[in-house]
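*Asks:* The following block contains the structure, expressed as structure tokens.
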Amino acid sequence: MIYEITDLKLDNASLILNETLFHNANGYIGVRSNFEEGYPGGIPSIQGAYINGFYDFVEMKQAEKLYGLVEEKQTMPNVADTQGIRVFLGDEEFSMFTGTVLESKRTLNMEEGYTLRRVLWRSPNGKEAEIIIKRLTSFTRLSLFLIEYAVTPLNFDGSILFISTHQGEVTNHSNPDDPRVAAETVKHIIPFRVELRDGRSFVVSRTARSGLTVCTAVENRFASGTEGTVTTETLETGTVTRASAAAVRGRTVKLYKYTVFSDSIRQNNCENHAGEDIEKHTRIPVEDIYREQREYLREYWDGAFLEIRGDEKLSLAVHYNLYQLIQSVTKDGYGNIAAKGLSGEGYEGHFFWDTEMYIQPFFTLTNPEISKTLIEYRFNTLEEARKNARMLGHSRGALYPWRTIMGKECSGYFPAGTAQYHINGDIAYSIVAYYISTRDISFIAEKGAEIVFETARLWMDTGNYYRGKFLINDVTGPDEYTCIVNNNYYTNVCARYNLYWARVFYEILESSGALAPLAEKIGLSAGEIKAFSHAAENMYLPYDEELGINPQDDSFLSKKVWDIPATPKDKFPLLMHYHPLYLYRFQVCKQVDTVLAHFVFEDAQSIETIRNSFLYYEKITTHDSSLSACIFSIIASKLGFRDKAYMYFGDSAKLDLFDTHRNTKDGIHIANMGGNYMAIVYGFGGLRLKEKGIHFAPTLPEQWEGYSFKVHFRGSRILVEVDRESARFTLLSGEEKSIYINSVEYDLHDQVSIKMEAAHEV
Ligand code: BGC
């Protein structure tokens with residue numbers, strides 16, 4: 001399971017792309033894969049290191065000062081640069097752009113959890129050396145980023161000098177022409193103390209506006225077996241370490257560079273904390289750090305076990321995606337998952353609905369503890385969501401921000417941002433999914449239910465009755481090419497689920513005796529719950545008799561149809577070439593919307609309606625958003641459109657590795673990566689979590705011999721294996737469970753096997 005790029009191209013586009021693809025992250029810190037030795041001027045590069053949940057505030061000037069428009073956003077700062085290591089062989093400096101690169105290869109090892117760069121280099125004067133650089137961000141020591149730098153002189157003796165830098169003066173990347181990255185260059189991090197303690201360097205910085213502190217501590221030291229001298233000098237905003245050793249041909253000189261990151265959101269005194277952590281991490285043998293990493297990943301891959309037989313390339317791409325999920329996800333309730341993980345600055349480190357609808361389903365099935373942590377983050381920001389609701393005129397309930405880091409809204413363009421109220425229903429949905437798959441009532445009582453009640457309240461304050469139906473007007477659904485509409489089908493069906501489950505949780509807590517303190521805390525009455533149920537039962541869901549589909553919203557079908565085949569290729573994504581208002585007047589979708597509702601809330605419509613909708617929306621969807629193809633794949637699987645299911649799945653699997661959206665340099669598309677997992681497990685495997693339990697409806701793509709995956713369900717673990725002949729469900733651990741296969745209930749106490757001909761075909 002080793003992901004390798006065997007020929008490291010040195011053209012500009014590949015260099016900046018590989019900075020993203022080979023980044024190291026552990027959910028707390030992320031470091032882009034920049035060359036330690038740097039680049040000659042003129043080569044585009046985004047050099048960065050980031051902390052999940054850490055933010056600065058940035059002014060967001062609105063041209064017209066309307067009430068309640070967001071005037072300040074949060075952004076994820078680049079916190080410090082500790083990647084720099086220049087190397088001199090005698091008096092010649094190593095660079096990929098001088099001398100001759102005889103061999104070069106970069107590898108990501110997803111079992112051992114490190115990246116490796118191996119270069120065979122000949123200097124302009126003919127000195128040859130093998131350079132191997134290994135880097136990791138530790139999953140078991142979240143503050144640690146380690147570089148192991150080994151140089152072996154092949155045909156010369158003399159000296160080797162490393163110049164290793166620790167720089168607090170860093171900036172973020174910006175691009176005024178791309179709405180998906182920050183437009184302005186702002187100085188977010190101001191270093192205010194640089195110190196040497198016991199030969200280690202400490203740089204302490206504060207954010208320009210948010211009042212947070214970050215400390216990085218660095219130690220450079222030679223590996224045992226390498227004799228040499230190491231001296232560090234402090235500069236105004238950083239330090240420079242010179243480490244020199246004798247060069248003897250054939251003998252490897254090895255330097256370790258440890259960096260520890262600490263921040264004031266998580267630590268009372270991050271300088272002290274960084275000091276303690278670097279002491280801890282440098283005291284143990286490096287081999288122990290590698291071993292811990294291996295063991296952590298062994299457990300991870302066991303939990304997330306997924307095997308595809310018969311298509312190695314796609315299998316590798318899928319595993320790359322799964323690796324990015326564990327690299328990106330927070331391990332504490334202070335962070336979440338940014339739209340680009342910790343791999344780049346696209347979308348400024350903001351958290352979106354991507355988490356709940358695309359990523360959390362993976363963790364709910366493979367690692368429910370992480371899923372719980374993600375809900376905890378929403379719980380920790382519930383108070384901000386309440387304030388947001390008040391600001392938007394709602395007297396009750398909570399409205400989660402469309403994009404955020406610390407809980408306050410960050411979307412500058414509210415029609416495609418704040419107006420996406422469905423985020424409330426998405427969060428409620430993820431809590432219900434967690435509950436269905438864990439039955440963790442105490443967590444629901446403590447945290448989950450409060451969110452579901454407060455989001456349900458918001459719907460009551462947003463919608464209104466008209467001729468007996470409950471309507472939700474002037475919101476935006478998932479598709480951002482259609483904004484501020486009445487009765488977006490996805491939103492209404494999502495709100496209905498939220499309201500329905502508020503009642504179910506109320507009843508569950510009531511019968512378990514856990515209701516009273518919460519009801520008292522938020523002033524929730526049985527009468528309010530009745531009103532929720534009434535609205536849910538009378539929720540208006542647009543339906544068009546003639547086409548037999550659910551219109552995306554009330555006015556959608558009355559608009560002109562955008563001619564996608566006639567649109568020149570270079571006009572995509574449309575958002576970069578057309579005024580939003582122009583797009584809003586067409587039937588054209590940036591991404592899956594109604595079809596997403598047909599996946600998530602499939603029981604709301606008949607299979608005929610779902611089929612009609614799929615075929616209708618397919619023609620008008622550009623998939624300009626990376627959140628789209630994976631869901632089309634799932635519904636294509638459900639409908640038995642096997643070729644389409646496979647095609648959409650392939651598009652989603654390769655999106656970042658092949659840079660098909662042409663912006664992976666700004667970071668990976670982590671929602672798509674979660675969606676790609678869903679396209680297998682929910683799509684081909686037909687898995688659904690429903691109130692009654694876990695459902696499967698396995699199908700097998702023609703291109704594959706088979707596939708297998710493991711899921712957690714209510715304390716048990718189930719192995720699913722599908723091939724041409726049969727689908728087998730094996731209870732690996734835990735108590736026996738009842739499961740549904742093609743809607744038939746089975747008791748799973750050992751293994752259930754069904755013939756594939758009997759598999760559900762539509
Ligand atoms: C999509 C949103 C998504 C955001 C972050 C946008 O392009 O339209 O649905 O939440 O990207 O991934």
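By convention in this document, the chains of the structure tokens carry letters A, B, ... by their order, each chain's residues are numbered from 1, and ligands are numbered from 1 in the order they are shown.
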Could the residues that lie within 7 Å of ligand 1, counting only C-alpha atoms and all ligand atoms, be listed as a list in words?
*Replies:*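 So, counting only C-alpha atoms and all ligand atoms, the residues near ligand 1 are Ala339, Tyr347, Phe352, Trp353, Asp354, Pro478, Asp479, Glu480, Lys590, Gln591, Ser625, Leu627, His669 and Ala671 of chain A.
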*Asks:* Would you mind listing, for every residue of segment 118-138 of chain A within 12 Å of segment 280-286 of chain A, the two atoms forming the shortest contact and the distance between them in Å to one decimal, using only C-alpha atoms, sorted by chain and ascending residue number, as CSV?
*Replies:*
residue,atom,partner,partner_atom,distance
A:Lys134,CA,A:Val286,CA,11.8
A:Arg135,CA,A:Val286,CA,11.9
A:Leu136,CA,A:Val286,CA,11.3
A:Ser138,CA,A:His281,CA,10.2
*Asks:* Can you pull out the residues contacting segment 515-526 of chain A? Cut-off 8 Å, using only C-alpha atoms, and skip same-chain residues under 6 positions away; I want them as JSON, numbers by chain.
*Replies:* {"A": [445, 450, 506, 509]}
*Asks:* Could the residues of segment 167-202 of chain A that have an atom at most 12 Å from segment 249-270 of chain A be listed as JSON lines, each with its closest atom pair and the distance in Å to one decimal, counting only C-alpha atoms and ordered by chain and ascending residue number?
*Replies:*
{"residue": "A:Gln167", "atom": "CA", "partner": "A:Thr259", "partner_atom": "CA", "distance": 11.7}
{"residue": "A:Arg200", "atom": "CA", "partner": "A:Tyr258", "partner_atom": "CA", "distance": 9.6}
{"residue": "A:Ser201", "atom": "CA", "partner": "A:Thr259", "partner_atom": "CA", "distance": 9.5}
{"residue": "A:Phe202", "atom": "CA", "partner": "A:Val260", "partner_atom": "CA", "distance": 9.4}
*Asks:* Just write the chosen residues, all heavy atoms, as a compact mmCIF listing (two decimals), in the first residue's frame.
*Replies:*
# COMPACT_ATOMS: atom_id res chain seq x y z
N GLN A 167 12.08 30.14 11.21
CA GLN A 167 11.71 31.51 10.83
C GLN A 167 10.28 31.84 11.29
O GLN A 167 9.32 31.16 10.94
CB GLN A 167 11.81 31.62 9.29
CG GLN A 167 11.50 32.95 8.70
CD GLN A 167 12.30 34.09 9.31
OE1 GLN A 167 11.85 34.74 10.24
NE2 GLN A 167 13.52 34.30 8.81
N ARG A 200 18.12 24.74 22.09
CA ARG A 200 16.89 24.69 21.28
C ARG A 200 16.40 26.10 21.03
O ARG A 200 16.53 26.97 21.89
CB ARG A 200 15.80 23.93 22.02
CG ARG A 200 16.17 22.50 22.28
CD ARG A 200 15.15 21.85 23.20
NE ARG A 200 15.55 20.49 23.46
CZ ARG A 200 15.39 19.88 24.62
NH1 ARG A 200 14.83 20.50 25.64
NH2 ARG A 200 15.77 18.63 24.77
N SER A 201 15.80 26.28 19.88
CA SER A 201 15.33 27.64 19.60
C SER A 201 13.82 27.71 19.76
O SER A 201 13.09 26.78 19.39
CB SER A 201 15.76 28.08 18.21
OG SER A 201 15.08 27.36 17.23
N PHE A 202 13.36 28.82 20.30
CA PHE A 202 11.93 29.06 20.52
C PHE A 202 11.55 30.37 19.83
O PHE A 202 12.21 31.38 20.04
CB PHE A 202 11.62 29.21 22.02
CG PHE A 202 11.74 27.93 22.78
CD1 PHE A 202 12.99 27.40 23.08
CD2 PHE A 202 10.61 27.24 23.19
CE1 PHE A 202 13.11 26.21 23.78
CE2 PHE A 202 10.72 26.05 23.89
CZ PHE A 202 11.97 25.52 24.18
*Asks:* Give the answer as one residue: which of A:Val318, A:Leu471, A:Leu374, A:Leu10 has the shortest atom-to-atom distance to Phe305 of chain A, using only C-alpha atoms?
*Replies:*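 Using only C-alpha atoms, the shortest distance to Phe305 of chain A belongs to A:Val318.
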*Asks:* For segment 105-117 of chain A, list every protein, DNA or RNA residue within 10 Å, evaluated using only C-alpha atoms, and leave out those in the same chain fewer than 3 positions away; present the list as a ChimeraX atom specification.
*Replies:* /A:1-9,18,21-26,33,35,120,131-139,146-149,290-298,300-301,319-320,322-324,327
